[in-house]
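Presented below is the structure to which this report refers.
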Amino acid sequence: MASAPIPPVEPGERVAGAHDGDRLKGVIDGLRPFEVNEGGFGFIRRHRHSIANERTHHVHFRHQALESCGLDFAELKVGMEVEFTLVDNRGRPNAHDVVPTGKTVSAEPAAPVKKPWSAREPPKRTGVGRAPQGTAALP
């Protein structure tokens, strides 16, 4: 599946006074923690952009992008406003140097956070291929 092109940066989403022209503000829209070790990845929505404020233009980040601010991935919450550097990773938007601003922005999460695989219930079998109870199977 081809991804949509990364929309250009609009003046309203830039961080005022930043030396880096690609330093933007966004809101955390989804978080996926890792099961085994600490960390995870997440998605940032460019909420101040006229077009990129859609989930088709999410900016992906990994827990390593938080190293500059010393924040642990587990401390992040959906709806937190963050500053980040927008990076083009082979046509896909990625965030580096993610730093929370201390503000919370009203945002619906992209999707409910799934339980780790080990905590999920196994799929329920529906009995496909078997005769319904109370009927005889055909030969």
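Labeling convention for the structure tokens: chains A, B, ... as they appear, residues from 1 per chain, ligands from 1 in order of appearance.
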
Taking 3 positions as the minimum chain separation for residues in the same chain, which residues sit within 6 Å of segment 73-77 of chain A when counting only C-alpha atoms? Answer as a PyMOL selection string.
chain A and resi 39+63+80

Please write the residues from the selection above to a file, keeping N, CA and C atoms, as a PDB file, in the first residue's frame.
ATOM      1  N   GLY A  39       9.364   0.435  26.587  1.00  0.00           N
ATOM      2  CA  GLY A  39       9.369   1.208  25.357  1.00  0.00           C
ATOM      3  C   GLY A  39       8.142   0.913  24.528  1.00  0.00           C
ATOM      4  N   HIS A  63      10.177   4.886  20.934  1.00  0.00           N
ATOM      5  CA  HIS A  63      10.531   5.332  22.284  1.00  0.00           C
ATOM      6  C   HIS A  63      11.914   5.992  22.332  1.00  0.00           C
ATOM      7  N   MET A  80      -1.516  14.306  24.821  1.00  0.00           N
ATOM      8  CA  MET A  80      -0.427  15.202  25.208  1.00  0.00           C
ATOM      9  C   MET A  80       0.071  15.951  23.981  1.00  0.00           C
TER      10      MET A  80
END

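Put simply, atom CA of Arg90 of chain A is 15.4 Å away from atom CA of Pro8 of chain A.
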
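With only C-alpha atoms as the atoms that count, the minimum distance from Ser50 of chain A to the choices A:Leu66, A:Val9, A:Val15, A:Val87 is reached by A:Val9.
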
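In terms of minimum interatomic distance to Leu71 of chain A, A:Val99 ranks closest within A:Leu86, A:Leu31, A:Val59, A:Val99, counting only C-alpha atoms.
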
Near Thr104 of chain A, within 10 Å and counting only C-alpha atoms, which residues show up once chain neighbours fewer than 4 positions away are dropped, as a list of chain:residue names?
A:Val27, A:Ile28, A:Lys77, A:Val78, A:Gly79, A:Met80, A:Glu81, A:Val82, A:Pro100

Writer output for current selection, all heavy atoms, as a PDB file, in the first residue's frame:
ATOM      1  N   VAL A  27      -0.016  16.382  18.544  1.00  0.00           N
ATOM      2  CA  VAL A  27      -0.652  15.761  19.700  1.00  0.00           C
ATOM      3  C   VAL A  27      -0.544  14.244  19.564  1.00  0.00           C
ATOM      4  O   VAL A  27      -0.694  13.702  18.472  1.00  0.00           O
ATOM      5  CB  VAL A  27      -2.126  16.206  19.845  1.00  0.00           C
ATOM      6  CG1 VAL A  27      -2.954  15.799  18.651  1.00  0.00           C
ATOM      7  CG2 VAL A  27      -2.748  15.666  21.114  1.00  0.00           C
ATOM      8  N   ILE A  28      -0.215  13.580  20.667  1.00  0.00           N
ATOM      9  CA  ILE A  28      -0.103  12.122  20.644  1.00  0.00           C
ATOM     10  C   ILE A  28      -1.498  11.549  20.418  1.00  0.00           C
ATOM     11  O   ILE A  28      -2.428  11.842  21.153  1.00  0.00           O
ATOM     12  CB  ILE A  28       0.517  11.586  21.942  1.00  0.00           C
ATOM     13  CG1 ILE A  28       1.961  12.077  22.050  1.00  0.00           C
ATOM     14  CG2 ILE A  28       0.454  10.060  21.982  1.00  0.00           C
ATOM     15  CD1 ILE A  28       2.666  11.664  23.309  1.00  0.00           C
ATOM     16  N   LYS A  77       0.818   9.981  27.408  1.00  0.00           N
ATOM     17  CA  LYS A  77      -0.627   9.765  27.386  1.00  0.00           C
ATOM     18  C   LYS A  77      -1.181  10.305  26.070  1.00  0.00           C
ATOM     19  O   LYS A  77      -0.677  11.286  25.527  1.00  0.00           O
ATOM     20  CB  LYS A  77      -1.309  10.511  28.542  1.00  0.00           C
ATOM     21  CG  LYS A  77      -0.786  10.162  29.915  1.00  0.00           C
ATOM     22  CD  LYS A  77      -1.293   8.822  30.370  1.00  0.00           C
ATOM     23  CE  LYS A  77      -0.798   8.514  31.768  1.00  0.00           C
ATOM     24  NZ  LYS A  77      -0.173   7.257  31.905  1.00  0.00           N
ATOM     25  N   VAL A  78      -2.232   9.655  25.570  1.00  0.00           N
ATOM     26  CA  VAL A  78      -2.919  10.150  24.385  1.00  0.00           C
ATOM     27  C   VAL A  78      -3.492  11.523  24.717  1.00  0.00           C
ATOM     28  O   VAL A  78      -4.058  11.722  25.788  1.00  0.00           O
ATOM     29  CB  VAL A  78      -4.038   9.172  23.957  1.00  0.00           C
ATOM     30  CG1 VAL A  78      -4.894   9.769  22.867  1.00  0.00           C
ATOM     31  CG2 VAL A  78      -3.431   7.858  23.487  1.00  0.00           C
ATOM     32  N   GLY A  79      -3.314  12.473  23.814  1.00  0.00           N
ATOM     33  CA  GLY A  79      -3.797  13.838  24.016  1.00  0.00           C
ATOM     34  C   GLY A  79      -2.721  14.806  24.455  1.00  0.00           C
ATOM     35  O   GLY A  79      -2.951  16.013  24.485  1.00  0.00           O
ATOM     36  N   MET A  80      -1.516  14.306  24.821  1.00  0.00           N
ATOM     37  CA  MET A  80      -0.427  15.202  25.208  1.00  0.00           C
ATOM     38  C   MET A  80       0.071  15.951  23.981  1.00  0.00           C
ATOM     39  O   MET A  80       0.290  15.358  22.928  1.00  0.00           O
ATOM     40  CB  MET A  80       0.751  14.429  25.799  1.00  0.00           C
ATOM     41  CG  MET A  80       0.527  13.830  27.151  1.00  0.00           C
ATOM     42  SD  MET A  80       1.986  12.894  27.688  1.00  0.00           S
ATOM     43  CE  MET A  80       2.743  14.088  28.752  1.00  0.00           C
ATOM     44  N   GLU A  81       0.266  17.255  24.126  1.00  0.00           N
ATOM     45  CA  GLU A  81       0.882  18.027  23.040  1.00  0.00           C
ATOM     46  C   GLU A  81       2.392  17.854  23.145  1.00  0.00           C
ATOM     47  O   GLU A  81       2.950  17.849  24.242  1.00  0.00           O
ATOM     48  CB  GLU A  81       0.521  19.506  23.137  1.00  0.00           C
ATOM     49  CG  GLU A  81       1.038  20.299  21.950  1.00  0.00           C
ATOM     50  CD  GLU A  81       0.661  21.756  22.001  1.00  0.00           C
ATOM     51  OE1 GLU A  81       1.087  22.439  22.960  1.00  0.00           O
ATOM     52  OE2 GLU A  81      -0.055  22.206  21.094  1.00  0.00           O
ATOM     53  N   VAL A  82       3.046  17.675  22.006  1.00  0.00           N
ATOM     54  CA  VAL A  82       4.490  17.482  21.967  1.00  0.00           C
ATOM     55  C   VAL A  82       5.103  18.362  20.880  1.00  0.00           C
ATOM     56  O   VAL A  82       4.427  18.768  19.939  1.00  0.00           O
ATOM     57  CB  VAL A  82       4.870  16.004  21.691  1.00  0.00           C
ATOM     58  CG1 VAL A  82       4.479  15.115  22.848  1.00  0.00           C
ATOM     59  CG2 VAL A  82       4.266  15.500  20.404  1.00  0.00           C
ATOM     60  N   PRO A 100       7.403  16.604  25.334  1.00  0.00           N
ATOM     61  CA  PRO A 100       6.077  17.088  25.738  1.00  0.00           C
ATOM     62  C   PRO A 100       6.118  18.570  26.095  1.00  0.00           C
ATOM     63  O   PRO A 100       7.091  19.057  26.663  1.00  0.00           O
ATOM     64  CB  PRO A 100       5.732  16.248  26.960  1.00  0.00           C
ATOM     65  CG  PRO A 100       6.625  15.059  26.880  1.00  0.00           C
ATOM     66  CD  PRO A 100       7.870  15.520  26.192  1.00  0.00           C
TER      67      PRO A 100
END
